[in-house]
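S.K.: Take this structure, written in structure tokens, and hold onto it; I'll ask about it next.
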Amino acid sequence: MTDGITGRLYGINVINGMKQVLIKGAGGVAGIGMTRCLKDHFDVEGEDDSKWAIKLMEANPVHPYDNEYDLVIPVADSMIGNIDSHLNKMMLPEKEQIEICQDKAKCSELLGDLAPKTYWVRDTKGAGGQGAQMCSDYLPGDNYSCELIYNNGECLGGFTKQRISYSTIKEDLPLEKRGSSMVSVCVDNEDITRRAMEAIERIGGVPNGAYGVDFKCTEDGTPLITEINPGRFLTASYVYFYETGYNLPLKLYMSYFGEDYELPEYPVGVGVIRCVDSKPWVGQL
């Protein structure tokens with residue numbers, strides 16, 4: 001018996017034999033990017049806590065009769081940190097790995113020489129560490145990110161980009177760099193990839209899912225890891241994935257179902273310029 005509208009049998013997707021995927025946080029920039037990466041190969045539904053963001057999402061709204069999905073994909077750190085529900089339907093790192101990566105002090109300690117030296121800055125008055133914050137050596141050099149995908153310990157692919165600017169109006173000074181880059185370019189940097197893979201080994205466990213590793217370089221050009229984002233892709237990378245066909249999310253989640261997606265030629269030299277209320281520009285930068 002079906003609901004008579006979607007052709008779903010008690011919430012089980014039977015449309016064209018496509019697997020049914022739920023994206024949590026589908027109305028944000030990352031959720032929209034993930035939807036674009038997957039929508040041609042999966043039946044993608046989405047949910048979002050924001051009443052405004054949900055109007056922007058490109059995934060199908062969650063159907064009221066659905067109670068099971070073949071795969072659940074959270075796209076934000078806060079969601080990934082809360083993995084109790086749907087755990088058997090998520091392609092995520094182990095819980096301990098997630099907790100280590102989301103604790104920047106603990107992660108930095110485990111990474112050792114792969115990360116910059118860190119310090120604790122405290123108020124001159126007071127007790128109990130009130131007002132304490134962590135800081136690191138100043139890193140004035142180039143800014144990179146490396147994303148790697150794993151299925152049960154096997155690395156399936158990677159993607160590295162150099163962040164050039166966080167604004168389309170002017171070139172930012174290093175201290176202004178924050179958030180998601182607006183101008184970036186795909187690079188092929190074996191040293192960055194090697195360091196990212198070694199970092200994931202150091203945090204322990206069996207690697208699984210996506211890892212976004214951020215780098216900043218020292219004055220002499222040595223790349224050091226500032227953080228590891230466990231279980232998710234980086235927001236500014238989605239345009240590369242769905243525009244060039246070098247679709248790491250699709251390869252990762254097809255592997256979850258025991259299927260393969262052959263990645264095309266690595267898009268080295270391809271750049272992306274993003275701006276609010278404007279279609280991203282993609283081309284040789």
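All residue names refer to the structure tokens as shown: chains lettered A, B, ... in order, residues numbered from 1 in each chain, ligands numbered from 1 in order.
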List every residue of stretch 68-121 of chain A that has an atom at most 9 Å from any atom of stretch 218-226 of chain A, and for each one report the closest atom pair and its distance in Å to one decimal, counting only C-alpha atoms, with rows sorted by chain and then by increasing residue number, as a Markdown table.
M.R.:
```
| residue | atom | partner | partner_atom | distance |
| --- | --- | --- | --- | --- |
| A:Lys104 | CA | A:Thr226 | CA | 8.3 |
| A:Ser108 | CA | A:Thr226 | CA | 7.8 |
| A:Leu111 | CA | A:Ile225 | CA | 8.2 |
| A:Asp113 | CA | A:Leu224 | CA | 8.1 |
| A:Leu114 | CA | A:Leu224 | CA | 5.5 |
| A:Ala115 | CA | A:Ile225 | CA | 4.7 |
| A:Pro116 | CA | A:Leu224 | CA | 5.9 |
```
S.K.: Which one is closest to A:Pro207: A:Asn152, A:Ser78, A:Thr118, A:Thr35? Count only C-alpha atoms.
M.R.: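 Smallest separation from A:Pro207 among the options: A:Asn152.
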S.K.: Among stretch 57-239 of chain A, which residues carry a DSSP assignment of strand (DSSP E), reported as a ChimeraX atom specification?
M.R.: /A:60-61,71-74,118-121,133-136,143-151,154-165,183-186,209-217,223-230
S.K.: Name the residues in contact with A:Val272 at a cut-off of 10 Å, using only C-alpha atoms, excluding same-chain residues fewer than 4 positions from it; report them as a list in words.
M.R.: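 Listed by chain and then number, they are Lys161, Arg163, Ser181, Met182, Val183, Ser184, Val185, Cys186, Ala236, Ser237, Val239, Tyr240, Glu243, Pro280, Trp281, Val282, Gly283, Gln284 and Leu285 of chain A.
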S.K.: Go ahead and write the residues just picked, C-alpha atoms, as a PDB file, in the first residue's frame.
M.R.:
```
ATOM      1  CA  LYS A 161      42.232  24.263  -2.609  1.00  0.00           C
ATOM      2  CA  ARG A 163      42.058  30.142  -0.185  1.00  0.00           C
ATOM      3  CA  SER A 181      36.506  31.808   1.405  1.00  0.00           C
ATOM      4  CA  MET A 182      35.015  33.774  -1.462  1.00  0.00           C
ATOM      5  CA  VAL A 183      37.938  33.295  -3.877  1.00  0.00           C
ATOM      6  CA  SER A 184      39.877  30.023  -4.091  1.00  0.00           C
ATOM      7  CA  VAL A 185      41.679  27.782  -6.573  1.00  0.00           C
ATOM      8  CA  CYS A 186      42.171  24.021  -6.812  1.00  0.00           C
ATOM      9  CA  ALA A 236      33.317  26.679  -0.280  1.00  0.00           C
ATOM     10  CA  SER A 237      34.245  23.346  -1.913  1.00  0.00           C
ATOM     11  CA  VAL A 239      30.828  24.508  -6.061  1.00  0.00           C
ATOM     12  CA  TYR A 240      33.900  22.632  -7.311  1.00  0.00           C
ATOM     13  CA  GLU A 243      30.298  22.187 -11.277  1.00  0.00           C
ATOM     14  CA  PRO A 280      29.397  31.449  -8.563  1.00  0.00           C
ATOM     15  CA  TRP A 281      32.034  32.002 -11.216  1.00  0.00           C
ATOM     16  CA  VAL A 282      33.997  28.856 -12.105  1.00  0.00           C
ATOM     17  CA  GLY A 283      36.982  28.723 -14.456  1.00  0.00           C
ATOM     18  CA  GLN A 284      40.759  28.849 -14.836  1.00  0.00           C
ATOM     19  CA  LEU A 285      41.920  31.425 -12.322  1.00  0.00           C
TER      20      LEU A 285
END
```
S.K.: Between A:Asp277, A:Glu190, A:Asp103, A:Asp77, which residue has the minimum interatomic distance to A:Lys24, considering only C-alpha atoms?
M.R.: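 Answer, going by the shortest atom-to-atom distance: A:Asp77.
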S.K.: Give me, as an mmCIF file with N, CA and C atoms, in the first residue's frame, all polymer residues having an atom no more than 9 Å from A:Ile80, counting only C-alpha atoms and skipping those fewer than 2 positions away in the same chain.
M.R.:
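So result-v1.cif came out as:
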```cif
data_model
loop_
_atom_site.group_PDB
_atom_site.id
_atom_site.type_symbol
_atom_site.label_atom_id
_atom_site.label_comp_id
_atom_site.auth_asym_id
_atom_site.auth_seq_id
_atom_site.Cartn_x
_atom_site.Cartn_y
_atom_site.Cartn_z
ATOM 1 N N ILE A 73 22.478 12.516 6.271
ATOM 2 C CA ILE A 73 23.691 13.317 6.115
ATOM 3 C C ILE A 73 23.547 14.638 6.866
ATOM 4 N N PRO A 74 24.190 14.791 8.026
ATOM 5 C CA PRO A 74 24.243 16.094 8.682
ATOM 6 C C PRO A 74 25.355 16.926 8.061
ATOM 7 N N VAL A 75 25.147 18.220 7.891
ATOM 8 C CA VAL A 75 26.137 19.036 7.189
ATOM 9 C C VAL A 75 26.831 20.065 8.076
ATOM 10 N N ALA A 76 26.442 20.187 9.327
ATOM 11 C CA ALA A 76 27.029 21.201 10.210
ATOM 12 C C ALA A 76 27.706 20.542 11.403
ATOM 13 N N ASP A 77 28.732 21.211 11.953
ATOM 14 C CA ASP A 77 29.469 20.687 13.101
ATOM 15 C C ASP A 77 28.554 20.330 14.264
ATOM 16 N N SER A 78 27.611 21.222 14.562
ATOM 17 C CA SER A 78 26.739 21.005 15.717
ATOM 18 C C SER A 78 25.918 19.734 15.563
ATOM 19 N N ASN A 82 26.277 15.608 17.539
ATOM 20 C CA ASN A 82 25.150 14.932 18.186
ATOM 21 C C ASN A 82 24.725 13.772 17.293
ATOM 22 N N ILE A 83 25.381 12.627 17.469
ATOM 23 C CA ILE A 83 25.223 11.533 16.515
ATOM 24 C C ILE A 83 24.459 10.344 17.082
ATOM 25 N N LEU A 92 29.967 8.589 9.077
ATOM 26 C CA LEU A 92 30.691 9.523 9.934
ATOM 27 C C LEU A 92 31.905 8.866 10.577
ATOM 28 N N ILE A 98 35.392 12.366 16.443
ATOM 29 C CA ILE A 98 34.652 13.621 16.319
ATOM 30 C C ILE A 98 34.915 14.516 17.523
ATOM 31 N N PRO A 230 35.630 17.174 11.287
ATOM 32 C CA PRO A 230 35.292 15.766 11.093
ATOM 33 C C PRO A 230 33.879 15.574 10.549
ATOM 34 N N GLY A 231 33.728 14.643 9.623
ATOM 35 C CA GLY A 231 32.399 14.238 9.185
ATOM 36 C C GLY A 231 31.708 15.161 8.214
ATOM 37 N N ARG A 232 32.416 16.159 7.685
ATOM 38 C CA ARG A 232 31.735 17.081 6.775
ATOM 39 C C ARG A 232 32.696 17.649 5.736
#
```
S.K.: One decimal, Å: what's the distance from atom CA of A:Lys39 over to atom CA of A:Ile273, could you say?
M.R.: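 So the two atoms, atom CA of A:Lys39 and atom CA of A:Ile273, lie 23.2 Å apart.
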S.K.: Select from stretch 100-167 of chain A everything DSSP, run on the backbone, classes as helix (DSSP H, G or I), then give the selection as a list of chain:residue names.
M.R.: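 Secondary structure check on stretch 100-167 of chain A, helix (DSSP H, G or I): A:Ile100, A:Cys101, A:Gln102, A:Lys104, A:Ala105, A:Lys106, A:Cys107, A:Ser108, A:Glu109, A:Leu110, A:Leu111, A:Gly112, A:Asp113, A:Leu114.
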S.K.: Go ahead and save the picked residues with N, CA and C atoms, as a PDB file, in the first residue's frame.
M.R.:
```pdb
ATOM      1  N   ILE A 100      37.478  14.514  19.555  1.00  0.00           N
ATOM      2  CA  ILE A 100      38.861  15.004  19.541  1.00  0.00           C
ATOM      3  C   ILE A 100      39.001  16.175  18.568  1.00  0.00           C
ATOM      4  N   CYS A 101      38.481  16.015  17.358  1.00  0.00           N
ATOM      5  CA  CYS A 101      38.633  17.060  16.345  1.00  0.00           C
ATOM      6  C   CYS A 101      37.896  18.334  16.725  1.00  0.00           C
ATOM      7  N   GLN A 102      36.760  18.207  17.379  1.00  0.00           N
ATOM      8  CA  GLN A 102      35.984  19.391  17.741  1.00  0.00           C
ATOM      9  C   GLN A 102      36.525  20.072  18.994  1.00  0.00           C
ATOM     10  N   LYS A 104      39.698  21.754  19.851  1.00  0.00           N
ATOM     11  CA  LYS A 104      40.897  22.192  19.149  1.00  0.00           C
ATOM     12  C   LYS A 104      42.162  22.037  19.982  1.00  0.00           C
ATOM     13  N   ALA A 105      42.067  22.191  21.307  1.00  0.00           N
ATOM     14  CA  ALA A 105      43.244  22.015  22.154  1.00  0.00           C
ATOM     15  C   ALA A 105      43.697  20.558  22.160  1.00  0.00           C
ATOM     16  N   LYS A 106      42.753  19.642  22.322  1.00  0.00           N
ATOM     17  CA  LYS A 106      43.090  18.224  22.347  1.00  0.00           C
ATOM     18  C   LYS A 106      43.618  17.771  20.991  1.00  0.00           C
ATOM     19  N   CYS A 107      42.996  18.257  19.930  1.00  0.00           N
ATOM     20  CA  CYS A 107      43.425  17.896  18.582  1.00  0.00           C
ATOM     21  C   CYS A 107      44.843  18.386  18.320  1.00  0.00           C
ATOM     22  N   SER A 108      45.136  19.617  18.696  1.00  0.00           N
ATOM     23  CA  SER A 108      46.460  20.184  18.487  1.00  0.00           C
ATOM     24  C   SER A 108      47.519  19.389  19.234  1.00  0.00           C
ATOM     25  N   GLU A 109      47.181  18.942  20.440  1.00  0.00           N
ATOM     26  CA  GLU A 109      48.127  18.160  21.236  1.00  0.00           C
ATOM     27  C   GLU A 109      48.469  16.837  20.540  1.00  0.00           C
ATOM     28  N   LEU A 110      47.456  16.181  19.978  1.00  0.00           N
ATOM     29  CA  LEU A 110      47.683  14.911  19.297  1.00  0.00           C
ATOM     30  C   LEU A 110      48.452  15.097  17.985  1.00  0.00           C
ATOM     31  N   LEU A 111      48.217  16.208  17.309  1.00  0.00           N
ATOM     32  CA  LEU A 111      48.880  16.445  16.030  1.00  0.00           C
ATOM     33  C   LEU A 111      50.358  16.761  16.192  1.00  0.00           C
ATOM     34  N   GLY A 112      50.746  17.300  17.336  1.00  0.00           N
ATOM     35  CA  GLY A 112      52.147  17.566  17.595  1.00  0.00           C
ATOM     36  C   GLY A 112      52.758  18.522  16.598  1.00  0.00           C
ATOM     37  N   ASP A 113      53.838  18.074  15.924  1.00  0.00           N
ATOM     38  CA  ASP A 113      54.564  18.955  15.015  1.00  0.00           C
ATOM     39  C   ASP A 113      53.802  19.284  13.739  1.00  0.00           C
ATOM     40  N   LEU A 114      52.672  18.647  13.513  1.00  0.00           N
ATOM     41  CA  LEU A 114      51.854  18.985  12.342  1.00  0.00           C
ATOM     42  C   LEU A 114      51.038  20.259  12.573  1.00  0.00           C
TER      43      LEU A 114
END
```
S.K.: Go through A:Leu263, A:Val268, A:Leu38, A:Cys146 one by one, measure the shortest atom-to-atom distance of each to A:Asp191 using only C-alpha atoms, and give the residue with the smallest value.
M.R.: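 Smallest distance to A:Asp191 is found for A:Cys146.
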S.K.: So that I can see what lies close to A:Asp43, please list as a list in words the residues with an atom at most 9 Å from it, counting only C-alpha atoms and leaving out residues fewer than 2 positions away in the same chain.
M.R.: Asn13, Ile15, Met18, Lys19, Gln20, Val21, Leu22, Leu38, Lys39, Asp40, His41, Glu45, Ala59 and Asn60 of chain A
S.K.: Can you measure atom CA of A:Asp214 to atom CA of A:Ser145 for me? One decimal in Å is fine.
M.R.: 4.5 Å
S.K.: Quick check, in Å to one decimal: how far apart do atom CA of A:Tyr261 and atom CA of A:Gly245 lie?
M.R.: 10.3 Å
S.K.: Which one of A:Thr244, A:Ser136, A:Gln97, A:Ser50 sits closest to A:Gly205 if you count only C-alpha atoms?
M.R.: A:Gln97
S.K.: Using only C-alpha atoms, which residue out of A:Tyr266, A:Thr168, A:Tyr246, A:Phe215 lies closest to A:Ser278?
M.R.: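 Using only C-alpha atoms, the shortest distance to A:Ser278 belongs to A:Thr168.
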